[in-house]
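K.L.:
So that we are looking at the same thing, I have put the structure below in structure tokens.
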Amino acid sequence: MAAKKAFLKKIAITALTALVFFAVTMPFRRLFQVVSVTEVRPAAALNPTFGLLFGFPGALGCAIGNLAADILSGYSSLMCTLGFVVQMIYGLFPYFAWKVLHSEVRLNSYKKILRYMVVSAVNTALTAVLLGVTMFITGIGQILSVTTLMLFLNNFVFCVVLGIPIILGYTGVKLKKSGEKFSLNERFILIFLLLAIVSAAIMGSFAFGELSGNTGDLLAFWNKVYVYISLDLVVFSVITVCILYYAERQITIPLEKLSDMASEYALTDEGLNTQRIVEECAKYENVHGEAGELSRAFGKMAVDIEQYIENLTKVTAEKERIGAELDVAAHIQKSMLPSVFPAFPDRKEFDIYATMAPAKEVGGDFYDFFMVDERHLAIVMADVSGKGVPAALFMVIGKTLIKDHTQPGVDLGAVFTEVNDLLCESNSEGLFITAFEGVLDLVTGEFNFVNAGHEMPFICHADGDYTAYKIRPGLVLAGMEGMSYRAGSITLAPGDKVFQYTDGVTEAINADKEFYGMKRLECTLNSNRDKAPAELLPVIKADIDMFVGEAPQFDDITMLCLEYRRKMGEKMKELTIDAVVENIPVVTDFVNEQLQAHGCSMKVQMQIDIAIDELFGNIAHYAYNPNVGSAAVRVELIEEPLSVVITFIDNGVPYDPLKKEDPDTTLSAEEREIGGLGIYMVKKSMDAVEYEYKDGQNILKITKNL
């Protein structure tokens, strides 16, 4: 199939070139005949040109076209036959000459232009001689004559004037199909070729005008015209080749090479090997003028870029390492802040929620909340000066010191006084902390607080709106050693809320450089005054985001909301008693009194009594042995679902009875190991049994649904 297509293609080329040759040559035979066997012949450029481009089919087509023209012109059979042979040789000689040189038929250098002219000169001279032989054989002329000279000049002139444009045009079509374009050198050649054609045309017109007055001898007339044109072409061609030689060495080739390298370097993912670029540029560094300067600059640029990429790679790797470490630091920082909500699911006296959105990977803001003891809840809101890692590290120190120094019964002013002095001792960076701490007594509702240069909190009473609670702030922590801080106090009632925040909230800036401000914050709080803490904070953050828009976040945004729901002990009773076996009935009566008040069934009451006997008996026997200590028994009624939670607390040796393996009840009493049956019965009869050791206390909690 492929061979058939190739054969048909050759037939098509032969037919097409024959038609083109015939169409070009016939008008000139009719109108510009010089002697009986020749005329002004532009078609003479077609044989070698089509032969070069298409090989045998191109040369054959031109020979057939010439044969048809000869027959129509009335030439003899011998003349037609010999003419056909000469035309075949004329068309194939350049093809074989070019093939011997193993060169692509593309006129893109001065060497190829010079080669084409030499091949054309040899080919046209050989053809002129062969035509002279033909005329001699047929008896119409001599081998070497003025007619032979005219044939040589005619063919050579048109091979240059028409042949080169045809080859360049064909090359341009092929390049366009492949997505390429003329090289800079080919464009130079095309420009000078056009100048040569224009020059030859001017010279021909001048010669035609000068000699047209003496046209008695037509052959002599055209010989002189061709001599003028040929001399002009030769001179211009020599000048053109010299200029192209200079341009190739000094301009076009260096620029093309540099352009190709620059394109490949810029547009490919891999780029080029820098050493190769340097070696290529070194070839043209000694070229005079801009090309040499560009070569030197490009070579240096490639080296500089490679060094820059190496440095950038190192910097990027270091940045990625720092980024990874900052990411770890952010996770560590986040893990240090309470982030699991509800934070105290078993405490019904209060609800609390907090959020922090750092401006950088790690922030300088921090919040905290923790139980100081069973009846006191502490909240902390603070802002470290500066941003990033130094602020985050200072935040860790400040947070740890505040929490460690907040102890039951310790005045908050004394806490900040001590923390301030400790922070001043190790503050070489000159950082400081604005901080607010409050401790809520869950029994009385008393809210003690201390403020070290921080924003004033908003208080919302159950029957009112959020209002900023004006507090005279003390100096920031770590600002000056030896400062004394004074605590304040306010009493909260059930239903009251405390909202605290950092300046990243009120000082959030939009694109118009406007602050979010206290007024807008107060308005947003009061528009959502009935919302629980976990619902309120996301609403405020969304309002801040809407206000800020596309403007960047400059500061950490941290918020905390505490709601005091009910006083501790309203539905909880506690008994503290010596942990001795003799007090088991006292504890049982205390618990039963609470159960009977809520209509507990006798069956459930008996199950609980058995559990009390086991658990309080364990405390009496093992917690303080051989000494005697106290134990607290707390009874709390839960409404949803209706249940009772009984908590046993002692300060004895750590002991988790739940770790003991359950006894195998399938065995007989004699086969079972001693111990473990009592706690097993407790676990089976209660709905939940939990143990933890916290703050030096054993805390065991049983839950029974009522």
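Scheme for the structure tokens: letters A, B, ... for chains in order shown; per-chain residue numbers from 1; ligand numbers from 1 in order shown.
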Write out as JSON lines a residue-level contact list of stretch 495-522 of chain A versus stretch 436-445 of chain A with cut-off 12 Å: for each qualifying residue the closest pair of atoms and the distance in Å to one decimal, counting only C-alpha atoms, rows sorted by chain and residue number upward.
P.N.:
```
{"residue": "A:Gly495", "atom": "CA", "partner": "A:Gly445", "partner_atom": "CA", "distance": 10.7}
{"residue": "A:Asp496", "atom": "CA", "partner": "A:Gly445", "partner_atom": "CA", "distance": 9.7}
{"residue": "A:Lys497", "atom": "CA", "partner": "A:Leu440", "partner_atom": "CA", "distance": 11.4}
{"residue": "A:Val498", "atom": "CA", "partner": "A:Gly438", "partner_atom": "CA", "distance": 9.8}
{"residue": "A:Phe499", "atom": "CA", "partner": "A:Gly438", "partner_atom": "CA", "distance": 11.4}
{"residue": "A:Gln500", "atom": "CA", "partner": "A:Phe436", "partner_atom": "CA", "distance": 8.5}
{"residue": "A:Tyr501", "atom": "CA", "partner": "A:Phe436", "partner_atom": "CA", "distance": 9.4}
{"residue": "A:Thr502", "atom": "CA", "partner": "A:Phe436", "partner_atom": "CA", "distance": 9.7}
```
K.L.:
Could the residues in this selection be written to a file with N, CA, C and O atoms, as a CSV table (one decimal), in the first residue's frame?
P.N.:
```csv
chain,number,residue,atom,x,y,z
A,495,GLY,N,-27.2,32.1,84.8
A,495,GLY,CA,-27.6,32.7,83.5
A,495,GLY,C,-26.7,33.7,83.0
A,495,GLY,O,-26.8,34.2,81.9
A,496,ASP,N,-25.8,34.2,83.9
A,496,ASP,CA,-24.8,35.3,83.4
A,496,ASP,C,-23.7,34.7,82.6
A,496,ASP,O,-23.4,33.5,82.7
A,497,LYS,N,-23.2,35.5,81.7
A,497,LYS,CA,-22.1,35.1,80.8
A,497,LYS,C,-20.9,36.1,80.9
A,497,LYS,O,-21.2,37.3,81.1
A,498,VAL,N,-19.8,35.6,80.7
A,498,VAL,CA,-18.5,36.4,80.6
A,498,VAL,C,-17.9,36.1,79.2
A,498,VAL,O,-17.6,35.0,78.8
A,499,PHE,N,-17.7,37.2,78.4
A,499,PHE,CA,-17.0,37.1,77.1
A,499,PHE,C,-15.7,37.8,77.2
A,499,PHE,O,-15.6,39.0,77.5
A,500,GLN,N,-14.6,37.1,76.9
A,500,GLN,CA,-13.3,37.7,76.9
A,500,GLN,C,-12.6,37.4,75.6
A,500,GLN,O,-12.9,36.5,74.9
A,501,TYR,N,-11.6,38.3,75.2
A,501,TYR,CA,-11.1,38.3,73.9
A,501,TYR,C,-9.7,39.0,73.9
A,501,TYR,O,-9.3,39.6,74.9
A,502,THR,N,-9.0,38.9,72.7
A,502,THR,CA,-7.8,39.7,72.6
A,502,THR,C,-8.0,40.8,71.6
A,502,THR,O,-9.1,40.9,70.9
```
K.L.:
Find the residues near stretch 648-658 of chain A: any atom within 12 Å, counting only C-alpha atoms, skip ones fewer than 5 places away on the same chain, and give them as JSON, numbers by chain.
P.N.:
{"A": [374, 574, 575, 576, 577, 578, 579, 587, 591, 611, 612, 613, 614, 615, 616, 617, 618, 619, 620, 621, 622, 623, 624, 625, 626, 627, 628, 629, 630, 631, 632, 633, 634, 635, 636, 675, 676, 677, 678, 679, 680, 681, 682, 683, 688, 689, 690, 691, 692, 693, 694, 695, 696, 697, 698, 699, 700, 701, 702, 703]}
K.L.:
Could you pull out the strand (DSSP E or B) residues of stretch 429-561 of chain A, going by DSSP on the backbone, and write them as a short mmCIF file (atom, residue, chain, number, x, y, z; two decimals) with all heavy atoms, in the first residue's frame?
P.N.:
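Printed below is selection25.cif as written:
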```
data_model
loop_
_atom_site.label_atom_id
_atom_site.label_comp_id
_atom_site.auth_asym_id
_atom_site.auth_seq_id
_atom_site.Cartn_x
_atom_site.Cartn_y
_atom_site.Cartn_z
N ILE A 433 3.34 40.39 78.12
CA ILE A 433 2.05 39.71 77.97
C ILE A 433 0.95 40.56 78.58
O ILE A 433 1.07 41.00 79.74
CB ILE A 433 2.06 38.33 78.67
CG1 ILE A 433 3.17 37.43 78.12
CG2 ILE A 433 0.70 37.64 78.54
CD1 ILE A 433 3.30 36.11 78.86
N THR A 434 -0.10 40.82 77.80
CA THR A 434 -1.32 41.35 78.40
C THR A 434 -2.17 40.14 78.78
O THR A 434 -2.32 39.21 77.98
CB THR A 434 -2.09 42.25 77.42
OG1 THR A 434 -2.63 41.45 76.35
CG2 THR A 434 -1.19 43.32 76.81
N ALA A 435 -2.69 40.13 80.00
CA ALA A 435 -3.37 38.92 80.46
C ALA A 435 -4.54 39.28 81.36
O ALA A 435 -4.53 40.29 82.07
CB ALA A 435 -2.40 38.00 81.20
N PHE A 436 -5.55 38.43 81.31
CA PHE A 436 -6.71 38.53 82.19
C PHE A 436 -6.98 37.14 82.73
O PHE A 436 -7.01 36.15 81.98
CB PHE A 436 -7.94 39.02 81.42
CG PHE A 436 -9.21 39.03 82.22
CD1 PHE A 436 -9.60 40.14 82.94
CD2 PHE A 436 -10.03 37.91 82.27
CE1 PHE A 436 -10.77 40.15 83.70
CE2 PHE A 436 -11.20 37.89 83.02
CZ PHE A 436 -11.57 39.02 83.74
N GLU A 437 -7.15 37.05 84.07
CA GLU A 437 -7.52 35.77 84.67
C GLU A 437 -8.70 35.98 85.60
O GLU A 437 -8.76 36.98 86.34
CB GLU A 437 -6.36 35.14 85.45
CG GLU A 437 -6.74 33.78 86.03
CD GLU A 437 -5.60 33.09 86.77
OE1 GLU A 437 -4.62 33.78 87.12
OE2 GLU A 437 -5.70 31.87 86.99
N GLY A 438 -9.65 35.05 85.52
CA GLY A 438 -10.79 35.09 86.43
C GLY A 438 -11.03 33.71 87.01
O GLY A 438 -10.81 32.70 86.34
N VAL A 439 -11.47 33.68 88.26
CA VAL A 439 -11.79 32.41 88.93
C VAL A 439 -13.22 32.51 89.45
O VAL A 439 -13.55 33.41 90.24
CB VAL A 439 -10.82 32.11 90.08
CG1 VAL A 439 -11.26 30.85 90.84
CG2 VAL A 439 -9.40 31.90 89.55
N LEU A 440 -14.06 31.60 89.00
CA LEU A 440 -15.48 31.58 89.38
C LEU A 440 -15.71 30.54 90.46
O LEU A 440 -15.37 29.36 90.30
CB LEU A 440 -16.34 31.26 88.15
CG LEU A 440 -17.84 31.09 88.40
CD1 LEU A 440 -18.46 32.38 88.93
CD2 LEU A 440 -18.54 30.64 87.12
N ASP A 441 -16.31 31.00 91.58
CA ASP A 441 -16.74 30.09 92.65
C ASP A 441 -18.10 29.54 92.24
O ASP A 441 -19.09 30.27 92.19
CB ASP A 441 -16.83 30.84 93.98
CG ASP A 441 -17.11 29.91 95.16
OD1 ASP A 441 -17.80 28.90 94.96
OD2 ASP A 441 -16.64 30.22 96.26
N GLU A 446 -19.24 34.01 93.03
CA GLU A 446 -18.25 35.08 93.11
C GLU A 446 -17.20 34.88 92.02
O GLU A 446 -16.64 33.80 91.88
CB GLU A 446 -17.59 35.09 94.48
CG GLU A 446 -16.60 36.24 94.65
CD GLU A 446 -15.93 36.23 96.02
OE1 GLU A 446 -16.06 35.21 96.74
OE2 GLU A 446 -15.27 37.22 96.35
N PHE A 447 -16.95 35.95 91.26
CA PHE A 447 -15.99 35.90 90.14
C PHE A 447 -14.85 36.85 90.45
O PHE A 447 -14.97 38.07 90.33
CB PHE A 447 -16.68 36.29 88.84
CG PHE A 447 -15.81 36.14 87.61
CD1 PHE A 447 -15.37 34.90 87.20
CD2 PHE A 447 -15.44 37.26 86.87
CE1 PHE A 447 -14.57 34.76 86.07
CE2 PHE A 447 -14.65 37.14 85.74
CZ PHE A 447 -14.22 35.89 85.35
N ASN A 448 -13.72 36.29 90.92
CA ASN A 448 -12.52 37.09 91.20
C ASN A 448 -11.69 37.18 89.94
O ASN A 448 -11.57 36.21 89.18
CB ASN A 448 -11.71 36.44 92.32
CG ASN A 448 -12.43 36.47 93.65
OD1 ASN A 448 -12.85 37.53 94.10
ND2 ASN A 448 -12.59 35.30 94.27
N PHE A 449 -11.07 38.34 89.72
CA PHE A 449 -10.32 38.53 88.48
C PHE A 449 -9.13 39.45 88.72
O PHE A 449 -9.09 40.20 89.71
CB PHE A 449 -11.22 39.12 87.39
CG PHE A 449 -11.88 40.42 87.77
CD1 PHE A 449 -11.21 41.63 87.65
CD2 PHE A 449 -13.17 40.43 88.27
CE1 PHE A 449 -11.81 42.82 88.01
CE2 PHE A 449 -13.79 41.61 88.64
CZ PHE A 449 -13.10 42.82 88.51
N VAL A 450 -8.18 39.38 87.80
CA VAL A 450 -7.04 40.28 87.79
C VAL A 450 -6.72 40.60 86.33
O VAL A 450 -6.83 39.74 85.46
CB VAL A 450 -5.83 39.66 88.51
CG1 VAL A 450 -5.37 38.38 87.80
CG2 VAL A 450 -4.67 40.65 88.59
N ASN A 451 -6.34 41.85 86.06
CA ASN A 451 -6.12 42.29 84.69
C ASN A 451 -4.74 42.93 84.57
O ASN A 451 -4.44 43.89 85.29
CB ASN A 451 -7.20 43.30 84.26
CG ASN A 451 -7.16 43.59 82.77
OD1 ASN A 451 -6.18 43.31 82.09
ND2 ASN A 451 -8.23 44.16 82.27
N ALA A 452 -3.90 42.40 83.66
CA ALA A 452 -2.57 42.96 83.41
C ALA A 452 -2.55 43.56 82.01
O ALA A 452 -2.10 42.92 81.05
CB ALA A 452 -1.51 41.88 83.56
N GLY A 453 -3.11 44.75 81.86
CA GLY A 453 -3.07 45.47 80.59
C GLY A 453 -3.91 44.89 79.48
O GLY A 453 -3.70 45.20 78.30
N PHE A 458 -16.66 41.52 78.49
CA PHE A 458 -18.08 41.85 78.40
C PHE A 458 -18.83 40.92 79.34
O PHE A 458 -18.62 39.70 79.34
CB PHE A 458 -18.59 41.66 76.97
CG PHE A 458 -18.27 42.81 76.05
CD1 PHE A 458 -17.05 42.87 75.39
CD2 PHE A 458 -19.18 43.84 75.87
CE1 PHE A 458 -16.76 43.92 74.54
CE2 PHE A 458 -18.90 44.90 75.02
CZ PHE A 458 -17.68 44.94 74.35
N ILE A 459 -19.72 41.50 80.16
CA ILE A 459 -20.55 40.73 81.07
C ILE A 459 -22.00 40.83 80.60
O ILE A 459 -22.49 41.92 80.29
CB ILE A 459 -20.45 41.25 82.52
CG1 ILE A 459 -18.98 41.29 82.97
CG2 ILE A 459 -21.29 40.39 83.46
CD1 ILE A 459 -18.34 39.94 83.12
N CYS A 460 -22.66 39.69 80.52
CA CYS A 460 -24.07 39.67 80.16
C CYS A 460 -24.86 39.03 81.30
O CYS A 460 -24.68 37.84 81.59
CB CYS A 460 -24.28 38.88 78.87
SG CYS A 460 -26.02 38.73 78.37
N TYR A 466 -25.08 42.35 76.89
CA TYR A 466 -23.63 42.38 77.08
C TYR A 466 -23.16 43.82 77.22
O TYR A 466 -23.49 44.69 76.40
CB TYR A 466 -22.92 41.75 75.87
CG TYR A 466 -22.91 40.25 75.85
CD1 TYR A 466 -23.87 39.54 75.14
CD2 TYR A 466 -21.93 39.53 76.53
CE1 TYR A 466 -23.86 38.15 75.10
CE2 TYR A 466 -21.90 38.14 76.50
CZ TYR A 466 -22.88 37.46 75.78
OH TYR A 466 -22.86 36.09 75.75
N THR A 467 -22.40 44.09 78.25
CA THR A 467 -21.81 45.42 78.43
C THR A 467 -20.35 45.25 78.84
O THR A 467 -19.99 44.29 79.53
CB THR A 467 -22.54 46.24 79.51
OG1 THR A 467 -22.54 45.49 80.74
CG2 THR A 467 -23.97 46.55 79.09
N ALA A 468 -19.51 46.16 78.37
CA ALA A 468 -18.09 46.11 78.73
C ALA A 468 -17.94 46.43 80.21
O ALA A 468 -18.44 47.45 80.70
CB ALA A 468 -17.30 47.10 77.88
N GLY A 474 -3.79 46.65 85.34
CA GLY A 474 -2.43 46.86 85.82
C GLY A 474 -1.46 46.83 84.66
O GLY A 474 -1.84 46.72 83.49
N LEU A 477 2.32 41.98 82.03
CA LEU A 477 3.26 41.04 82.63
C LEU A 477 4.59 41.07 81.88
O LEU A 477 4.61 41.16 80.65
CB LEU A 477 2.69 39.62 82.60
CG LEU A 477 1.41 39.37 83.39
CD1 LEU A 477 0.94 37.92 83.20
CD2 LEU A 477 1.61 39.68 84.87
N GLY A 488 -9.83 42.02 91.59
CA GLY A 488 -11.17 42.57 91.75
C GLY A 488 -12.17 41.44 91.85
O GLY A 488 -11.83 40.26 91.71
N SER A 489 -13.44 41.79 92.06
CA SER A 489 -14.45 40.76 92.24
C SER A 489 -15.81 41.26 91.78
O SER A 489 -16.12 42.45 91.90
CB SER A 489 -14.50 40.33 93.71
OG SER A 489 -15.50 39.35 93.91
N ILE A 490 -16.60 40.35 91.23
CA ILE A 490 -17.98 40.61 90.85
C ILE A 490 -18.76 39.33 91.09
O ILE A 490 -18.20 38.23 90.98
CB ILE A 490 -18.09 41.06 89.38
CG1 ILE A 490 -19.52 41.42 89.03
CG2 ILE A 490 -17.56 39.99 88.44
CD1 ILE A 490 -19.68 41.95 87.61
N THR A 491 -20.02 39.45 91.46
CA THR A 491 -20.83 38.27 91.71
C THR A 491 -21.71 37.99 90.50
O THR A 491 -22.43 38.87 90.02
CB THR A 491 -21.71 38.45 92.95
OG1 THR A 491 -20.86 38.67 94.09
CG2 THR A 491 -22.56 37.21 93.20
N LYS A 497 -23.18 35.55 81.70
CA LYS A 497 -22.11 35.11 80.81
C LYS A 497 -20.95 36.10 80.86
O LYS A 497 -21.15 37.31 81.05
CB LYS A 497 -22.60 35.01 79.36
CG LYS A 497 -23.73 34.00 79.15
CD LYS A 497 -24.27 34.09 77.74
CE LYS A 497 -25.50 33.19 77.57
NZ LYS A 497 -26.14 33.38 76.26
N VAL A 498 -19.76 35.58 80.65
CA VAL A 498 -18.54 36.40 80.56
C VAL A 498 -17.91 36.14 79.20
O VAL A 498 -17.65 34.99 78.84
CB VAL A 498 -17.53 36.05 81.68
CG1 VAL A 498 -16.26 36.89 81.52
CG2 VAL A 498 -18.16 36.26 83.05
N PHE A 499 -17.69 37.21 78.43
CA PHE A 499 -17.03 37.10 77.12
C PHE A 499 -15.70 37.83 77.19
O PHE A 499 -15.65 39.03 77.51
CB PHE A 499 -17.91 37.71 76.03
CG PHE A 499 -17.26 37.74 74.67
CD1 PHE A 499 -17.22 36.62 73.86
CD2 PHE A 499 -16.63 38.90 74.21
CE1 PHE A 499 -16.61 36.63 72.63
CE2 PHE A 499 -16.01 38.93 72.97
CZ PHE A 499 -15.99 37.80 72.18
N GLN A 500 -14.61 37.12 76.91
CA GLN A 500 -13.28 37.73 76.93
C GLN A 500 -12.59 37.45 75.60
O GLN A 500 -12.88 36.45 74.92
CB GLN A 500 -12.46 37.19 78.10
CG GLN A 500 -11.12 37.87 78.29
CD GLN A 500 -11.18 39.37 78.46
OE1 GLN A 500 -11.42 40.08 77.48
NE2 GLN A 500 -10.97 39.87 79.67
N TYR A 501 -11.64 38.29 75.21
CA TYR A 501 -11.09 38.28 73.86
C TYR A 501 -9.73 38.97 73.87
O TYR A 501 -9.31 39.56 74.89
CB TYR A 501 -12.03 39.02 72.91
CG TYR A 501 -12.34 40.42 73.40
CD1 TYR A 501 -11.65 41.53 72.91
CD2 TYR A 501 -13.29 40.64 74.40
CE1 TYR A 501 -11.89 42.80 73.39
CE2 TYR A 501 -13.55 41.91 74.88
CZ TYR A 501 -12.85 42.98 74.38
OH TYR A 501 -13.08 44.25 74.86
N ILE A 509 -8.80 44.78 60.78
CA ILE A 509 -8.86 45.91 59.84
C ILE A 509 -9.38 45.45 58.49
O ILE A 509 -8.99 44.39 57.99
CB ILE A 509 -7.45 46.54 59.66
CG1 ILE A 509 -6.90 46.99 61.02
CG2 ILE A 509 -7.49 47.71 58.69
CD1 ILE A 509 -5.48 47.52 60.96
N PHE A 515 -11.20 49.84 61.80
CA PHE A 515 -11.16 48.81 62.84
C PHE A 515 -12.55 48.23 63.07
O PHE A 515 -13.56 48.93 62.94
CB PHE A 515 -10.62 49.39 64.15
CG PHE A 515 -9.16 49.71 64.12
CD1 PHE A 515 -8.72 51.02 64.10
CD2 PHE A 515 -8.21 48.69 64.10
CE1 PHE A 515 -7.37 51.32 64.07
CE2 PHE A 515 -6.87 48.98 64.07
CZ PHE A 515 -6.44 50.29 64.05
N ILE A 557 -6.76 36.08 66.47
CA ILE A 557 -8.13 36.36 66.92
C ILE A 557 -8.52 35.26 67.89
O ILE A 557 -8.71 34.11 67.51
CB ILE A 557 -9.10 36.41 65.72
CG1 ILE A 557 -8.73 37.58 64.79
CG2 ILE A 557 -10.54 36.55 66.20
CD1 ILE A 557 -9.57 37.65 63.53
N THR A 558 -8.61 35.64 69.19
CA THR A 558 -8.87 34.67 70.25
C THR A 558 -10.06 35.12 71.08
O THR A 558 -10.15 36.30 71.45
CB THR A 558 -7.63 34.49 71.14
OG1 THR A 558 -6.49 34.23 70.31
CG2 THR A 558 -7.80 33.36 72.12
N MET A 559 -10.98 34.19 71.36
CA MET A 559 -12.19 34.52 72.12
C MET A 559 -12.53 33.39 73.07
O MET A 559 -12.21 32.23 72.82
CB MET A 559 -13.37 34.74 71.16
CG MET A 559 -13.19 35.89 70.19
SD MET A 559 -14.59 36.05 69.04
CE MET A 559 -14.28 34.66 67.93
N LEU A 560 -13.19 33.77 74.19
CA LEU A 560 -13.65 32.79 75.17
C LEU A 560 -14.96 33.28 75.77
O LEU A 560 -15.12 34.48 76.05
CB LEU A 560 -12.61 32.59 76.27
CG LEU A 560 -12.92 31.60 77.40
CD1 LEU A 560 -11.63 30.93 77.89
CD2 LEU A 560 -13.63 32.26 78.57
N CYS A 561 -15.89 32.35 75.94
CA CYS A 561 -17.18 32.71 76.56
C CYS A 561 -17.50 31.68 77.65
O CYS A 561 -17.44 30.47 77.42
CB CYS A 561 -18.29 32.74 75.52
SG CYS A 561 -19.88 33.30 76.18
#
```
K.L.:
Give the alpha helix (DSSP H) residues of stretch 120-171 of chain A, as assigned by DSSP on the backbone, as number ranges by chain.
P.N.:
A: 120-138, 146-158, 164-171
K.L.:
Print the selection's residues with N, CA and C atoms to a file, as a short mmCIF file (atom, residue, chain, number, x, y, z; two decimals), in the first residue's frame.
P.N.:
```
data_model
loop_
_atom_site.label_atom_id
_atom_site.label_comp_id
_atom_site.auth_asym_id
_atom_site.auth_seq_id
_atom_site.Cartn_x
_atom_site.Cartn_y
_atom_site.Cartn_z
N SER A 120 25.01 25.41 -10.30
CA SER A 120 24.20 25.97 -11.39
C SER A 120 25.08 26.39 -12.56
N ALA A 121 26.24 27.01 -12.25
CA ALA A 121 27.14 27.46 -13.31
C ALA A 121 27.68 26.25 -14.10
N VAL A 122 28.11 25.22 -13.36
CA VAL A 122 28.63 24.01 -14.04
C VAL A 122 27.53 23.35 -14.85
N ASN A 123 26.33 23.25 -14.25
CA ASN A 123 25.21 22.59 -14.91
C ASN A 123 24.79 23.34 -16.17
N THR A 124 24.67 24.67 -16.09
CA THR A 124 24.25 25.45 -17.26
C THR A 124 25.32 25.44 -18.34
N ALA A 125 26.60 25.44 -17.93
CA ALA A 125 27.68 25.37 -18.92
C ALA A 125 27.65 24.02 -19.64
N LEU A 126 27.47 22.93 -18.87
CA LEU A 126 27.39 21.60 -19.47
C LEU A 126 26.20 21.50 -20.40
N THR A 127 25.08 22.07 -19.95
CA THR A 127 23.86 22.02 -20.78
C THR A 127 24.04 22.81 -22.06
N ALA A 128 24.69 23.98 -21.94
CA ALA A 128 24.93 24.80 -23.14
C ALA A 128 25.77 24.03 -24.15
N VAL A 129 26.80 23.33 -23.65
CA VAL A 129 27.65 22.55 -24.56
C VAL A 129 26.85 21.42 -25.20
N LEU A 130 26.04 20.72 -24.40
CA LEU A 130 25.23 19.62 -24.93
C LEU A 130 24.23 20.13 -25.97
N LEU A 131 23.66 21.33 -25.72
CA LEU A 131 22.75 21.90 -26.71
C LEU A 131 23.52 22.30 -27.98
N GLY A 132 24.78 22.75 -27.78
CA GLY A 132 25.61 23.06 -28.95
C GLY A 132 25.88 21.80 -29.77
N VAL A 133 26.15 20.69 -29.05
CA VAL A 133 26.36 19.42 -29.75
C VAL A 133 25.09 19.03 -30.50
N THR A 134 23.95 19.24 -29.85
CA THR A 134 22.67 18.91 -30.50
C THR A 134 22.49 19.72 -31.78
N MET A 135 22.77 21.04 -31.69
CA MET A 135 22.63 21.90 -32.88
C MET A 135 23.62 21.48 -33.96
N PHE A 136 24.83 21.06 -33.52
CA PHE A 136 25.82 20.62 -34.50
C PHE A 136 25.35 19.35 -35.20
N ILE A 137 24.81 18.39 -34.41
CA ILE A 137 24.34 17.13 -35.01
C ILE A 137 23.20 17.37 -35.98
N THR A 138 22.31 18.27 -35.59
CA THR A 138 21.13 18.52 -36.44
C THR A 138 21.46 19.50 -37.56
N VAL A 146 28.01 31.90 -30.33
CA VAL A 146 27.31 32.96 -29.59
C VAL A 146 25.99 32.43 -29.04
N THR A 147 25.32 31.57 -29.80
CA THR A 147 24.06 30.97 -29.34
C THR A 147 24.29 30.12 -28.10
N THR A 148 25.39 29.37 -28.12
CA THR A 148 25.72 28.56 -26.94
C THR A 148 25.96 29.45 -25.72
N LEU A 149 26.66 30.56 -25.93
CA LEU A 149 26.92 31.50 -24.83
C LEU A 149 25.61 32.06 -24.28
N MET A 150 24.71 32.43 -25.23
CA MET A 150 23.44 32.98 -24.79
C MET A 150 22.65 31.96 -23.98
N LEU A 151 22.68 30.68 -24.44
CA LEU A 151 21.99 29.63 -23.69
C LEU A 151 22.56 29.51 -22.26
N PHE A 152 23.88 29.57 -22.17
CA PHE A 152 24.52 29.49 -20.84
C PHE A 152 24.09 30.65 -19.96
N LEU A 153 24.18 31.91 -20.53
CA LEU A 153 23.83 33.08 -19.73
C LEU A 153 22.36 33.06 -19.35
N ASN A 154 21.49 32.71 -20.29
CA ASN A 154 20.04 32.65 -20.03
C ASN A 154 19.75 31.69 -18.87
N ASN A 155 20.29 30.48 -19.00
CA ASN A 155 19.99 29.47 -17.98
C ASN A 155 20.54 29.84 -16.61
N PHE A 156 21.76 30.36 -16.58
CA PHE A 156 22.38 30.71 -15.29
C PHE A 156 21.63 31.85 -14.61
N VAL A 157 21.28 32.89 -15.42
CA VAL A 157 20.56 34.04 -14.85
C VAL A 157 19.26 33.59 -14.21
N PHE A 158 18.48 32.77 -14.93
CA PHE A 158 17.19 32.38 -14.39
C PHE A 158 17.31 31.34 -13.27
N ILE A 164 16.42 30.12 -6.87
CA ILE A 164 16.57 30.30 -5.41
C ILE A 164 15.23 30.65 -4.75
N PRO A 165 14.42 31.60 -5.31
CA PRO A 165 13.10 31.86 -4.68
C PRO A 165 12.19 30.64 -4.63
N ILE A 166 12.24 29.80 -5.72
CA ILE A 166 11.40 28.59 -5.72
C ILE A 166 11.82 27.65 -4.60
N ILE A 167 13.13 27.45 -4.45
CA ILE A 167 13.62 26.56 -3.38
C ILE A 167 13.27 27.11 -2.01
N LEU A 168 13.46 28.42 -1.82
CA LEU A 168 13.12 29.03 -0.53
C LEU A 168 11.62 28.94 -0.26
N GLY A 169 10.80 29.16 -1.30
CA GLY A 169 9.35 29.06 -1.13
C GLY A 169 8.91 27.66 -0.75
N TYR A 170 9.47 26.67 -1.43
CA TYR A 170 9.15 25.27 -1.12
C TYR A 170 9.58 24.92 0.31
N THR A 171 10.76 25.41 0.71
CA THR A 171 11.25 25.19 2.07
C THR A 171 10.31 25.82 3.09
#
```
K.L.:
Find the residues near A:Met480: any atom within 10 Å, counting only C-alpha atoms, skip ones fewer than 2 places away on the same chain, and give them as a PyMOL selection string.
P.N.:
chain A and resi 420-421+423-424+432+475-478+482-483
